[in-house]
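J.: Sharing final25.cif here; it has mmCIF, C-alpha atoms (C1' of nucleotides).
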```cif
data_query
loop_
_atom_site.group_PDB
_atom_site.id
_atom_site.type_symbol
_atom_site.label_atom_id
_atom_site.label_comp_id
_atom_site.auth_asym_id
_atom_site.auth_seq_id
_atom_site.Cartn_x
_atom_site.Cartn_y
_atom_site.Cartn_z
ATOM 1 C CA MET A 516 -9.502 -16.352 -18.005
ATOM 2 C CA PRO A 517 -6.727 -18.928 -18.484
ATOM 3 C CA GLU A 518 -3.314 -17.494 -19.264
ATOM 4 C CA LEU A 519 -1.518 -18.567 -22.392
ATOM 5 C CA ILE A 520 1.616 -20.572 -21.728
ATOM 6 C CA CYS A 521 4.138 -20.644 -24.560
ATOM 7 C CA ARG A 522 6.967 -23.145 -24.684
ATOM 8 C CA THR A 523 10.158 -23.652 -26.619
ATOM 9 C CA PHE A 524 13.305 -25.734 -26.434
ATOM 10 C CA PHE A 525 16.977 -24.862 -26.875
ATOM 11 C CA PRO A 526 19.008 -27.946 -27.867
ATOM 12 C CA VAL A 527 22.253 -26.820 -26.241
ATOM 13 C CA HIS A 528 25.193 -28.948 -25.173
ATOM 14 C CA ASP A 529 27.791 -28.108 -22.533
ATOM 15 C CA TYR A 530 25.329 -25.867 -20.742
ATOM 16 C CA ASP A 531 25.176 -26.236 -16.961
ATOM 17 C CA LEU A 532 22.167 -24.065 -16.202
ATOM 18 C CA ASP A 533 22.377 -24.635 -12.439
ATOM 19 C CA ALA A 534 26.006 -23.521 -12.280
ATOM 20 C CA THR A 535 25.351 -20.585 -14.587
ATOM 21 C CA LEU A 536 22.384 -19.240 -12.633
ATOM 22 C CA THR A 537 24.043 -19.663 -9.226
ATOM 23 C CA SER A 538 27.490 -18.329 -10.110
ATOM 24 C CA GLY A 539 26.951 -14.785 -8.861
ATOM 25 C CA GLN A 540 26.368 -13.035 -12.182
ATOM 26 C CA ALA A 541 22.553 -12.742 -11.907
ATOM 27 C CA PHE A 542 20.619 -12.413 -8.664
ATOM 28 C CA ARG A 543 16.956 -13.043 -9.421
ATOM 29 C CA TRP A 544 16.723 -16.734 -10.325
ATOM 30 C CA GLU A 545 14.867 -19.082 -8.020
ATOM 31 C CA LEU A 546 14.686 -22.851 -8.204
ATOM 32 C CA ILE A 547 11.044 -23.958 -7.894
ATOM 33 C CA ASP A 548 9.965 -27.539 -8.586
ATOM 34 C CA ARG A 549 13.043 -28.375 -10.643
ATOM 35 C CA GLY A 550 12.720 -25.258 -12.793
ATOM 36 C CA TRP A 551 14.473 -21.908 -12.653
ATOM 37 C CA GLU A 552 12.109 -18.928 -12.549
ATOM 38 C CA SER A 553 12.817 -15.237 -13.000
ATOM 39 C CA VAL A 554 11.847 -12.164 -14.992
ATOM 40 C CA ILE A 555 13.779 -11.021 -18.048
ATOM 41 C CA GLY A 556 12.742 -7.529 -19.058
ATOM 42 C CA VAL A 557 8.963 -7.627 -18.595
ATOM 43 C CA ARG A 558 8.518 -11.364 -19.180
ATOM 44 C CA TRP A 559 8.258 -14.050 -16.568
ATOM 45 C CA VAL A 560 10.265 -17.136 -17.544
ATOM 46 C CA ARG A 561 10.629 -20.697 -16.351
ATOM 47 C CA LEU A 562 13.627 -22.789 -17.482
ATOM 48 C CA ILE A 563 13.899 -26.549 -17.097
ATOM 49 C CA PRO A 564 17.334 -28.049 -17.756
ATOM 50 C CA GLY A 565 17.451 -31.506 -19.347
ATOM 51 C CA PRO A 566 19.994 -33.861 -20.919
ATOM 52 C CA ALA A 567 19.270 -32.618 -24.446
ATOM 53 C CA GLY A 568 18.987 -28.926 -23.698
ATOM 54 C CA ILE A 569 16.887 -26.292 -21.957
ATOM 55 C CA ALA A 570 13.097 -26.183 -22.044
ATOM 56 C CA ALA A 571 11.538 -22.763 -21.541
ATOM 57 C CA GLU A 572 8.089 -21.380 -20.908
ATOM 58 C CA THR A 573 6.604 -17.934 -20.571
ATOM 59 C CA VAL A 574 3.175 -16.322 -20.482
ATOM 60 C CA GLY A 575 1.456 -14.535 -23.337
ATOM 61 C CA PRO A 576 1.640 -14.919 -27.099
ATOM 62 C CA THR A 577 5.267 -15.563 -27.979
ATOM 63 C CA LYS A 578 6.541 -16.525 -31.391
ATOM 64 C CA ASP A 579 9.905 -14.799 -31.134
ATOM 65 C CA TRP A 580 12.363 -16.221 -28.597
ATOM 66 C CA ASP A 581 15.435 -14.226 -29.611
ATOM 67 C CA TRP A 582 15.360 -12.246 -26.360
ATOM 68 C CA LEU A 583 15.786 -15.441 -24.356
ATOM 69 C CA ALA A 584 18.339 -17.019 -26.693
ATOM 70 C CA HIS A 585 20.315 -13.814 -26.400
ATOM 71 C CA TYR A 586 20.074 -13.734 -22.606
ATOM 72 C CA LEU A 587 21.203 -17.353 -22.337
ATOM 73 C CA GLN A 588 23.827 -16.952 -25.088
ATOM 74 C CA VAL A 589 22.885 -20.364 -26.441
ATOM 75 C CA GLN A 590 24.732 -19.756 -29.716
ATOM 76 C CA VAL A 591 28.106 -19.560 -27.988
ATOM 77 C CA GLU A 592 30.309 -22.544 -28.767
ATOM 78 C CA LEU A 593 31.764 -23.188 -25.353
ATOM 79 C CA PRO A 594 34.690 -25.401 -26.463
ATOM 80 C CA ARG A 595 35.910 -22.530 -28.626
ATOM 81 C CA VAL A 596 35.980 -20.274 -25.557
ATOM 82 C CA LEU A 597 37.646 -22.862 -23.343
ATOM 83 C CA ASP A 598 40.363 -23.282 -25.965
ATOM 84 C CA THR A 599 41.459 -19.704 -25.410
ATOM 85 C CA PHE A 600 42.176 -20.338 -21.722
ATOM 86 C CA PRO A 601 45.799 -20.764 -20.682
ATOM 87 C CA ALA A 602 46.809 -24.455 -20.599
ATOM 88 C CA ASP A 603 47.886 -24.492 -16.976
ATOM 89 C CA GLU A 604 46.953 -26.662 -14.022
ATOM 90 C CA PRO A 605 44.686 -24.182 -12.184
ATOM 91 C CA MET A 606 42.543 -23.499 -15.258
ATOM 92 C CA HIS A 607 42.281 -27.194 -16.055
ATOM 93 C CA ALA A 608 41.051 -27.846 -12.537
ATOM 94 C CA ALA A 609 38.555 -24.974 -12.676
ATOM 95 C CA VAL A 610 37.186 -26.058 -16.054
ATOM 96 C CA ALA A 611 36.913 -29.676 -14.909
ATOM 97 C CA ALA A 612 34.995 -28.607 -11.791
ATOM 98 C CA CYS A 613 32.649 -26.187 -13.584
ATOM 99 C CA ARG A 614 31.996 -27.932 -16.898
ATOM 100 C CA GLY A 615 29.189 -26.147 -18.742
ATOM 101 C CA LEU A 616 29.372 -22.859 -16.853
ATOM 102 C CA ARG A 617 28.352 -19.993 -19.142
ATOM 103 C CA LEU A 618 28.182 -16.212 -19.164
ATOM 104 C CA LEU A 619 24.754 -14.638 -19.571
ATOM 105 C CA ARG A 620 23.989 -11.430 -21.468
ATOM 106 C CA GLN A 621 21.963 -9.328 -19.056
ATOM 107 C CA ASP A 622 20.157 -6.021 -19.210
ATOM 108 C CA PRO A 623 22.747 -3.288 -18.562
ATOM 109 C CA TRP A 624 20.704 -1.272 -16.070
ATOM 110 C CA GLU A 625 19.612 -4.252 -13.977
ATOM 111 C CA CYS A 626 23.160 -5.587 -13.999
ATOM 112 C CA LEU A 627 24.675 -2.230 -13.095
ATOM 113 C CA ALA A 628 22.183 -1.516 -10.317
ATOM 114 C CA SER A 629 22.586 -5.011 -8.871
ATOM 115 C CA PHE A 630 26.354 -4.718 -8.753
ATOM 116 C CA ILE A 631 26.206 -1.241 -7.206
ATOM 117 C CA LEU A 632 24.414 -3.037 -4.375
ATOM 118 C CA SER A 633 26.950 -5.868 -4.320
ATOM 119 C CA SER A 634 29.851 -4.181 -2.581
ATOM 120 C CA THR A 635 30.866 -6.008 0.615
ATOM 121 C CA LYS A 636 27.669 -8.037 0.538
ATOM 122 C CA GLN A 637 27.231 -11.781 0.292
ATOM 123 C CA ILE A 638 25.319 -13.114 -2.684
ATOM 124 C CA VAL A 639 22.316 -14.137 -0.541
ATOM 125 C CA GLN A 640 22.063 -10.564 0.682
ATOM 126 C CA ILE A 641 22.382 -9.072 -2.785
ATOM 127 C CA ARG A 642 19.499 -11.294 -3.813
ATOM 128 C CA GLN A 643 17.476 -10.046 -0.857
ATOM 129 C CA MET A 644 18.061 -6.354 -1.662
ATOM 130 C CA VAL A 645 17.290 -6.807 -5.357
ATOM 131 C CA SER A 646 14.168 -8.786 -4.530
ATOM 132 C CA LEU A 647 12.850 -6.057 -2.202
ATOM 133 C CA LEU A 648 13.626 -3.407 -4.804
ATOM 134 C CA CYS A 649 11.624 -5.261 -7.465
ATOM 135 C CA GLU A 650 8.672 -6.023 -5.184
ATOM 136 C CA ARG A 651 8.377 -2.421 -4.087
ATOM 137 C CA TYR A 652 9.268 -0.452 -7.204
ATOM 138 C CA GLY A 653 9.027 -2.852 -10.133
ATOM 139 C CA ASP A 654 5.880 -3.623 -12.117
ATOM 140 C CA ARG A 655 3.901 -6.798 -11.633
ATOM 141 C CA VAL A 656 4.220 -9.194 -14.577
ATOM 142 C CA ALA A 657 1.995 -12.138 -15.497
ATOM 143 C CA THR A 658 3.093 -15.583 -14.347
ATOM 144 C CA ALA A 659 1.795 -19.084 -14.943
ATOM 145 C CA ARG A 660 -1.028 -20.160 -12.648
ATOM 146 C CA GLY A 661 0.083 -21.207 -9.196
ATOM 147 C CA ARG A 662 3.401 -19.395 -9.398
ATOM 148 C CA PRO A 663 4.467 -16.723 -6.920
ATOM 149 C CA PRO A 664 4.079 -13.083 -8.024
ATOM 150 C CA ALA A 665 6.852 -11.699 -10.200
ATOM 151 C CA PHE A 666 8.071 -8.178 -10.879
ATOM 152 C CA SER A 667 10.157 -6.358 -13.445
ATOM 153 C CA PHE A 668 13.355 -4.638 -12.381
ATOM 154 C CA PRO A 669 12.511 -0.966 -11.641
ATOM 155 C CA SER A 670 13.634 1.521 -14.288
ATOM 156 C CA PRO A 671 16.273 4.202 -13.656
ATOM 157 C CA GLU A 672 13.461 6.780 -13.728
ATOM 158 C CA ARG A 673 11.525 4.932 -11.034
ATOM 159 C CA LEU A 674 14.515 4.573 -8.718
ATOM 160 C CA ALA A 675 15.625 8.142 -9.388
ATOM 161 C CA ALA A 676 12.260 9.209 -7.985
ATOM 162 C CA CYS A 677 12.792 7.286 -4.737
ATOM 163 C CA SER A 678 14.024 9.002 -1.608
ATOM 164 C CA GLU A 679 17.256 7.854 -0.035
ATOM 165 C CA ASN A 680 15.302 6.543 2.947
ATOM 166 C CA GLU A 681 13.007 4.490 0.727
ATOM 167 C CA LEU A 682 16.057 2.844 -0.786
ATOM 168 C CA ARG A 683 17.707 2.351 2.604
ATOM 169 C CA ALA A 684 14.553 0.543 3.653
ATOM 170 C CA CYS A 685 15.526 -2.103 1.086
ATOM 171 C CA LYS A 686 18.486 -2.887 3.381
ATOM 172 C CA MET A 687 21.125 -1.404 1.131
ATOM 173 C CA GLY A 688 22.686 0.902 3.743
ATOM 174 C CA PHE A 689 25.396 3.231 2.462
ATOM 175 C CA ARG A 690 24.798 2.024 -1.093
ATOM 176 C CA ALA A 691 21.449 3.868 -1.241
ATOM 177 C CA PRO A 692 22.849 7.254 -2.346
ATOM 178 C CA TYR A 693 25.089 5.499 -4.894
ATOM 179 C CA LEU A 694 22.129 3.760 -6.503
ATOM 180 C CA ARG A 695 19.931 6.857 -6.338
ATOM 181 C CA VAL A 696 22.410 9.245 -7.922
ATOM 182 C CA SER A 697 23.439 6.692 -10.549
ATOM 183 C CA ALA A 698 19.782 6.216 -11.457
ATOM 184 C CA GLN A 699 19.379 9.989 -11.705
ATOM 185 C CA LYS A 700 22.389 10.386 -13.971
ATOM 186 C CA ILE A 701 21.107 7.678 -16.281
ATOM 187 C CA ALA A 702 17.510 8.871 -16.255
ATOM 188 C CA GLY A 703 18.721 12.395 -16.983
ATOM 189 C CA GLY A 704 20.803 11.273 -19.937
ATOM 190 C CA GLU A 705 24.131 12.232 -18.375
ATOM 191 C CA VAL A 706 25.256 8.656 -18.942
ATOM 192 C CA ASN A 707 23.722 6.677 -21.799
ATOM 193 C CA LEU A 708 23.891 2.935 -21.195
ATOM 194 C CA ASN A 709 22.609 2.184 -24.697
ATOM 195 C CA SER A 710 25.615 3.800 -26.338
ATOM 196 C CA LEU A 711 28.301 1.744 -24.624
ATOM 197 C CA SER A 712 28.255 -1.286 -26.915
ATOM 198 C CA ALA A 713 29.574 0.863 -29.762
ATOM 199 C CA LEU A 714 32.600 1.944 -27.717
ATOM 200 C CA SER A 715 35.913 0.265 -26.974
ATOM 201 C CA VAL A 716 36.204 -1.500 -23.615
ATOM 202 C CA ALA A 717 38.321 1.308 -22.190
ATOM 203 C CA GLU A 718 35.879 3.993 -23.330
ATOM 204 C CA ALA A 719 32.884 2.065 -22.066
ATOM 205 C CA ARG A 720 34.625 1.535 -18.716
ATOM 206 C CA ASP A 721 35.311 5.274 -18.411
ATOM 207 C CA GLU A 722 31.621 5.995 -18.957
ATOM 208 C CA LEU A 723 30.582 3.576 -16.201
ATOM 209 C CA LEU A 724 33.205 5.047 -13.859
ATOM 210 C CA LYS A 725 31.375 8.385 -14.034
ATOM 211 C CA LEU A 726 28.672 6.866 -11.850
ATOM 212 C CA PRO A 727 28.954 7.023 -8.055
ATOM 213 C CA GLY A 728 29.458 3.645 -6.408
ATOM 214 C CA VAL A 729 31.031 2.257 -9.572
ATOM 215 C CA GLY A 730 34.751 1.513 -9.450
ATOM 216 C CA CYS A 731 36.898 -0.792 -11.580
ATOM 217 C CA LYS A 732 35.504 -4.039 -10.232
ATOM 218 C CA ILE A 733 31.825 -3.210 -10.674
ATOM 219 C CA ALA A 734 32.473 -1.585 -14.064
ATOM 220 C CA ASP A 735 34.178 -4.787 -15.200
ATOM 221 C CA CYS A 736 31.235 -6.891 -13.993
ATOM 222 C CA VAL A 737 28.837 -4.827 -16.095
ATOM 223 C CA LEU A 738 31.144 -4.810 -19.122
ATOM 224 C CA LEU A 739 31.373 -8.597 -18.902
ATOM 225 C CA PHE A 740 27.872 -9.673 -17.849
ATOM 226 C CA ALA A 741 25.783 -7.101 -19.724
ATOM 227 C CA TYR A 742 27.838 -5.955 -22.716
ATOM 228 C CA GLY A 743 29.814 -9.085 -23.506
ATOM 229 C CA PHE A 744 33.277 -7.519 -23.326
ATOM 230 C CA GLN A 745 34.906 -10.846 -22.572
ATOM 231 C CA GLU A 746 38.347 -9.400 -21.868
ATOM 232 C CA ALA A 747 36.962 -7.520 -18.819
ATOM 233 C CA PHE A 748 38.302 -9.235 -15.695
ATOM 234 C CA PRO A 749 36.454 -8.298 -12.481
ATOM 235 C CA MET A 750 38.829 -8.825 -9.578
ATOM 236 C CA ASP A 751 37.009 -9.276 -6.289
ATOM 237 C CA VAL A 752 38.247 -10.818 -3.039
ATOM 238 C CA TRP A 753 37.452 -14.346 -4.269
ATOM 239 C CA VAL A 754 39.271 -14.043 -7.570
ATOM 240 C CA MET A 755 42.175 -12.373 -5.775
ATOM 241 C CA LYS A 756 42.282 -15.312 -3.380
ATOM 242 C CA ALA A 757 42.057 -17.758 -6.293
ATOM 243 C CA LEU A 758 45.011 -16.180 -8.080
ATOM 244 C CA ARG A 759 47.140 -16.056 -4.932
ATOM 245 C CA GLN A 760 46.308 -19.624 -3.973
ATOM 246 C CA LEU A 761 46.410 -21.263 -7.387
ATOM 247 C CA TYR A 762 49.172 -19.316 -9.130
ATOM 248 C CA PHE A 763 51.367 -17.834 -6.404
ATOM 249 C CA ARG A 764 51.199 -20.425 -3.618
ATOM 250 C CA ARG A 765 51.285 -18.038 -0.661
ATOM 251 C CA ARG A 766 54.156 -15.945 -1.992
ATOM 252 C CA PRO A 767 53.257 -12.367 -1.066
ATOM 253 C CA ILE A 768 52.010 -10.615 -4.212
ATOM 254 C CA LYS A 769 50.696 -7.076 -4.275
ATOM 255 C CA ALA A 770 47.286 -6.389 -5.753
ATOM 256 C CA LYS A 771 48.815 -4.209 -8.446
ATOM 257 C CA ARG A 772 51.014 -7.079 -9.685
ATOM 258 C CA LEU A 773 47.999 -9.395 -9.569
ATOM 259 C CA HIS A 774 46.102 -7.069 -11.907
ATOM 260 C CA GLN A 775 49.045 -7.041 -14.315
ATOM 261 C CA PHE A 776 49.197 -10.820 -14.218
ATOM 262 C CA ALA A 777 45.468 -11.138 -14.909
ATOM 263 C CA ALA A 778 45.602 -8.655 -17.769
ATOM 264 C CA THR A 779 48.298 -10.618 -19.582
ATOM 265 C CA HIS A 780 47.818 -14.246 -18.630
ATOM 266 C CA PHE A 781 44.224 -15.186 -19.438
ATOM 267 C CA GLY A 782 43.850 -14.158 -23.066
ATOM 268 C CA PRO A 783 40.981 -12.614 -25.037
ATOM 269 C CA ASP A 784 38.264 -14.331 -22.961
ATOM 270 C CA ALA A 785 39.849 -13.492 -19.621
ATOM 271 C CA GLY A 786 36.482 -12.583 -18.121
ATOM 272 C CA TYR A 787 35.122 -16.015 -18.962
ATOM 273 C CA ALA A 788 38.154 -17.606 -17.293
ATOM 274 C CA GLN A 789 37.581 -15.342 -14.291
ATOM 275 C CA GLN A 790 34.033 -16.696 -13.910
ATOM 276 C CA TYR A 791 35.376 -20.249 -13.843
ATOM 277 C CA LEU A 792 37.901 -19.333 -11.148
ATOM 278 C CA PHE A 793 35.241 -17.532 -9.097
ATOM 279 C CA HIS A 794 32.757 -20.383 -9.237
ATOM 280 C CA TYR A 795 35.487 -22.966 -8.662
ATOM 281 C CA MET A 796 36.509 -21.263 -5.421
ATOM 282 C CA ARG A 797 32.914 -21.039 -4.237
ATOM 283 C CA ILE A 798 32.036 -24.681 -4.846
ATOM 284 C CA ARG A 799 35.302 -25.752 -3.218
ATOM 285 C CA ARG A 800 34.324 -23.756 -0.140
ATOM 286 C CA ARG A 801 30.855 -25.324 -0.102
ATOM 287 C CA LEU A 802 32.416 -28.795 -0.323
ATOM 288 C CA ALA A 803 34.858 -28.004 2.467
ATOM 289 C CA GLU A 804 32.064 -26.768 4.739
ATOM 290 C CA PHE A 805 29.934 -29.804 4.009
ATOM 291 C CA THR A 806 32.798 -32.188 4.718
ATOM 292 C CA ARG A 807 33.610 -30.375 7.945
ATOM 293 C CA SER A 808 30.016 -30.539 9.174
ATOM 294 C CA GLU A 809 29.684 -34.219 8.229
ATOM 295 C CA ARG A 810 32.882 -35.005 10.108
ATOM 296 C CA GLY A 811 31.482 -33.063 13.052
ATOM 297 C CA HIS A 812 28.327 -35.180 13.146
ATOM 298 C CA LEU A 813 30.250 -38.431 12.735
ATOM 299 C CA GLY A 814 32.681 -37.348 15.439
ATOM 300 C CA ARG A 815 29.871 -36.672 17.879
ATOM 301 C CA SER A 816 27.897 -39.831 17.173
ATOM 302 C CA SER A 817 30.982 -42.082 17.359
ATOM 303 C CA GLN A 818 31.772 -40.665 20.767
ATOM 304 C CA GLU A 819 28.694 -42.314 22.262
ATOM 305 C "C1'" DT B 1162 31.515 -12.950 19.507
ATOM 306 C "C1'" DA B 1163 34.439 -11.667 15.922
ATOM 307 C "C1'" DC B 1164 35.023 -11.707 11.328
ATOM 308 C "C1'" DC B 1165 33.695 -11.421 6.597
ATOM 309 C "C1'" DA B 1166 30.958 -10.300 2.456
ATOM 310 C "C1'" DG B 1167 31.514 -10.345 -6.020
ATOM 311 C "C1'" DG B 1168 34.045 -2.322 -3.041
ATOM 312 C "C1'" DA B 1169 34.162 2.480 -3.475
ATOM 313 C "C1'" DG B 1170 35.445 7.037 -2.046
ATOM 314 C "C1'" DA B 1171 37.701 10.339 0.774
ATOM 315 C "C1'" DG B 1172 41.645 11.895 3.336
ATOM 316 C "C1'" DC B 1173 46.382 11.554 4.031
ATOM 317 C "C1'" DG B 1174 51.626 11.803 3.284
ATOM 318 C "C1'" DC C 1099 50.410 7.253 -6.383
ATOM 319 C "C1'" DG C 1100 49.525 3.925 -2.377
ATOM 320 C "C1'" DC C 1101 47.856 3.415 2.077
ATOM 321 C "C1'" DT C 1102 44.019 3.528 5.706
ATOM 322 C "C1'" DC C 1103 39.444 4.405 7.337
ATOM 323 C "C1'" DT C 1104 34.598 4.452 6.957
ATOM 324 C "C1'" DC C 1105 30.330 3.345 5.169
ATOM 325 C "C1'" DA C 1106 25.248 -0.626 6.747
ATOM 326 C "C1'" DT C 1107 23.796 -4.949 7.424
ATOM 327 C "C1'" DG C 1108 23.385 -9.848 7.808
ATOM 328 C "C1'" DG C 1109 25.586 -14.628 7.597
ATOM 329 C "C1'" DT C 1110 28.648 -17.931 9.456
#
```
Written as structure tokens, that's how I'd like the structure from this file.

T.:
Amino acid sequence: MPELICRTFFPVHDYDLDATLTSGQAFRWELIDRGWESVIGVRWVRLIPGPAGIAAETVGPTKDWDWLAHYLQVQVELPRVLDTFPADEPMHAAVAACRGLRLLRQDPWECLASFILSSTKQIVQIRQMVSLLCERYGDRVATARGRPPAFSFPSPERLAACSENELRACKMGFRAPYLRVSAQKIAGGEVNLNSLSALSVAEARDELLKLPGVGCKIADCVLLFAYGFQEAFPMDVWVMKALRQLYFRRRPIKAKRLHQFAATHFGPDAGYAQQYLFHYMRIRRRLAEFTRSERGHLGRSSQE
DNA sequence: TACCAGGAGAGCG
DNA sequence: CGCTCTCATGGT
């Protein structure tokens, strides 16, 4: 029985889908034959970026695409956001290098669980842990013919029912009890993720901080990537390095002062600015590594 | 091989 | 507070 493929098109400008999906905010997108594939909620999705916008397809009868428009935040007028950034040299450079980078609006539980796993892990490894978790404890969802199997992100209830060893087997190490207990607190109603959008940022942050394995940085990631609190400014080692390098040129600055600077300097969409700085640093590193390796090859071959 | 990764929590003075 | 140590595991 042939599956029903439904398609739509979002005519968005200033939307760099590649940058957005590889900028370390979501961990389940894979590039297959020039399209990005993942699962949002219980739906498999394939996105194809083009010059006039983003083409999308999914499986099963679909007349309403609001869930995807919401996830992609296609209604956001990017220039309006960029205008709120401070008019300084570092931000100009970051914006120029990451033109079209966007923030997604993700499911709170998937976002929270993923970032609980993120601590002192590289993005490739976070992807690996999340992928194992979904394969083993998520539900199979329908995909287009010829596509690899896809799974939903396991619910809090499902992960709460896992043993610590089962979770450790997904290569998450010391993060296993954090994820397990957090899942239990959410499944048991001790923390209600659905109620946070009605709260102030500070109140919502305090709720997230009740969960084990969630400190300021991870709370801010969830506030920003899942709830759309755009003033939340997650400060990880990369953003810290960006601020020191771009704004304080190797003058010794304590982390506390850096937080104060970030809280006052970047305006109402500070979290958006943060994502530009984060991605800017990462693509600069990739370029530097590429250049170094190319020079290495040239150096060797010219020796002969 | 040594060092680092989208950190958090506990123990200490 | 603010500092240091530990916690698994894999990539570079």

J.: Run the PyMOL selection byres ((chain B) within 9 of (chain A)) on the file and write out the hits as number ranges by chain.

T.: B: 1165-1170

J.: Could the residues in this selection be saved with C-alpha atoms (C1' of nucleotides) as a PDB file, in the coordinates of the input?

T.:
```pdb
ATOM      1  C1'  DC B1165      33.695 -11.421   6.597  1.00  0.00           C
ATOM      2  C1'  DA B1166      30.958 -10.300   2.456  1.00  0.00           C
ATOM      3  C1'  DG B1167      31.514 -10.345  -6.020  1.00  0.00           C
ATOM      4  C1'  DG B1168      34.045  -2.322  -3.041  1.00  0.00           C
ATOM      5  C1'  DA B1169      34.162   2.480  -3.475  1.00  0.00           C
ATOM      6  C1'  DG B1170      35.445   7.037  -2.046  1.00  0.00           C
TER       7       DG B1170
END
```

J.: Could you list the residues in chain C lying within 10 Å of chain A, using all atoms listed in the file, and format the result as a list of chain:residue names?

T.: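 Residues passing the distance filter: C:DC1105, C:DA1106, C:DT1107, C:DG1108, C:DG1109.
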
J.: Any idea what's packed within 10 Å of Ala757 of chain A, counting all atoms listed in the file, ignoring anything in its chain fewer than 4 positions away? Could you give it as a PDB file with C-alpha atoms, keeping the file's coordinate frame?

T.:
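The resulting result.pdb:
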```
ATOM      1  CA  PRO A 605      44.686 -24.182 -12.184  1.00  0.00           C
ATOM      2  CA  ASP A 751      37.009  -9.276  -6.289  1.00  0.00           C
ATOM      3  CA  VAL A 752      38.247 -10.818  -3.039  1.00  0.00           C
ATOM      4  CA  TRP A 753      37.452 -14.346  -4.269  1.00  0.00           C
ATOM      5  CA  LEU A 761      46.410 -21.263  -7.387  1.00  0.00           C
ATOM      6  CA  TYR A 762      49.172 -19.316  -9.130  1.00  0.00           C
ATOM      7  CA  PHE A 763      51.367 -17.834  -6.404  1.00  0.00           C
ATOM      8  CA  ARG A 764      51.199 -20.425  -3.618  1.00  0.00           C
ATOM      9  CA  GLN A 789      37.581 -15.342 -14.291  1.00  0.00           C
ATOM     10  CA  LEU A 792      37.901 -19.333 -11.148  1.00  0.00           C
ATOM     11  CA  PHE A 793      35.241 -17.532  -9.097  1.00  0.00           C
ATOM     12  CA  TYR A 795      35.487 -22.966  -8.662  1.00  0.00           C
ATOM     13  CA  MET A 796      36.509 -21.263  -5.421  1.00  0.00           C
ATOM     14  CA  ARG A 797      32.914 -21.039  -4.237  1.00  0.00           C
TER      15      ARG A 797
END
```

J.: My list of candidates is A:Ala717, A:Ala747, A:Leu723, A:Leu532. Which is closest to Gln790 of chain A when distances are computed with only C-alpha atoms?

T.: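 Comparing A:Ala717, A:Ala747, A:Leu723, A:Leu532 against Gln790 of chain A, the winner is A:Ala747.
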
J.: List, as a ChimeraX atom specification, every residue that the PyMOL selection byres ((chain A and resi 659) around 10) selects in the file provided.

T.: /A:517-520,559-561,572-575,657-658,660-664

J.: Neighbouring residues of DG1100 of chain C were defined as those with any atom within 12 Å, considering all atoms listed in the file; residues of the same chain fewer than 2 positions away were excluded. Please report them as a count of residues only.

T.: 6
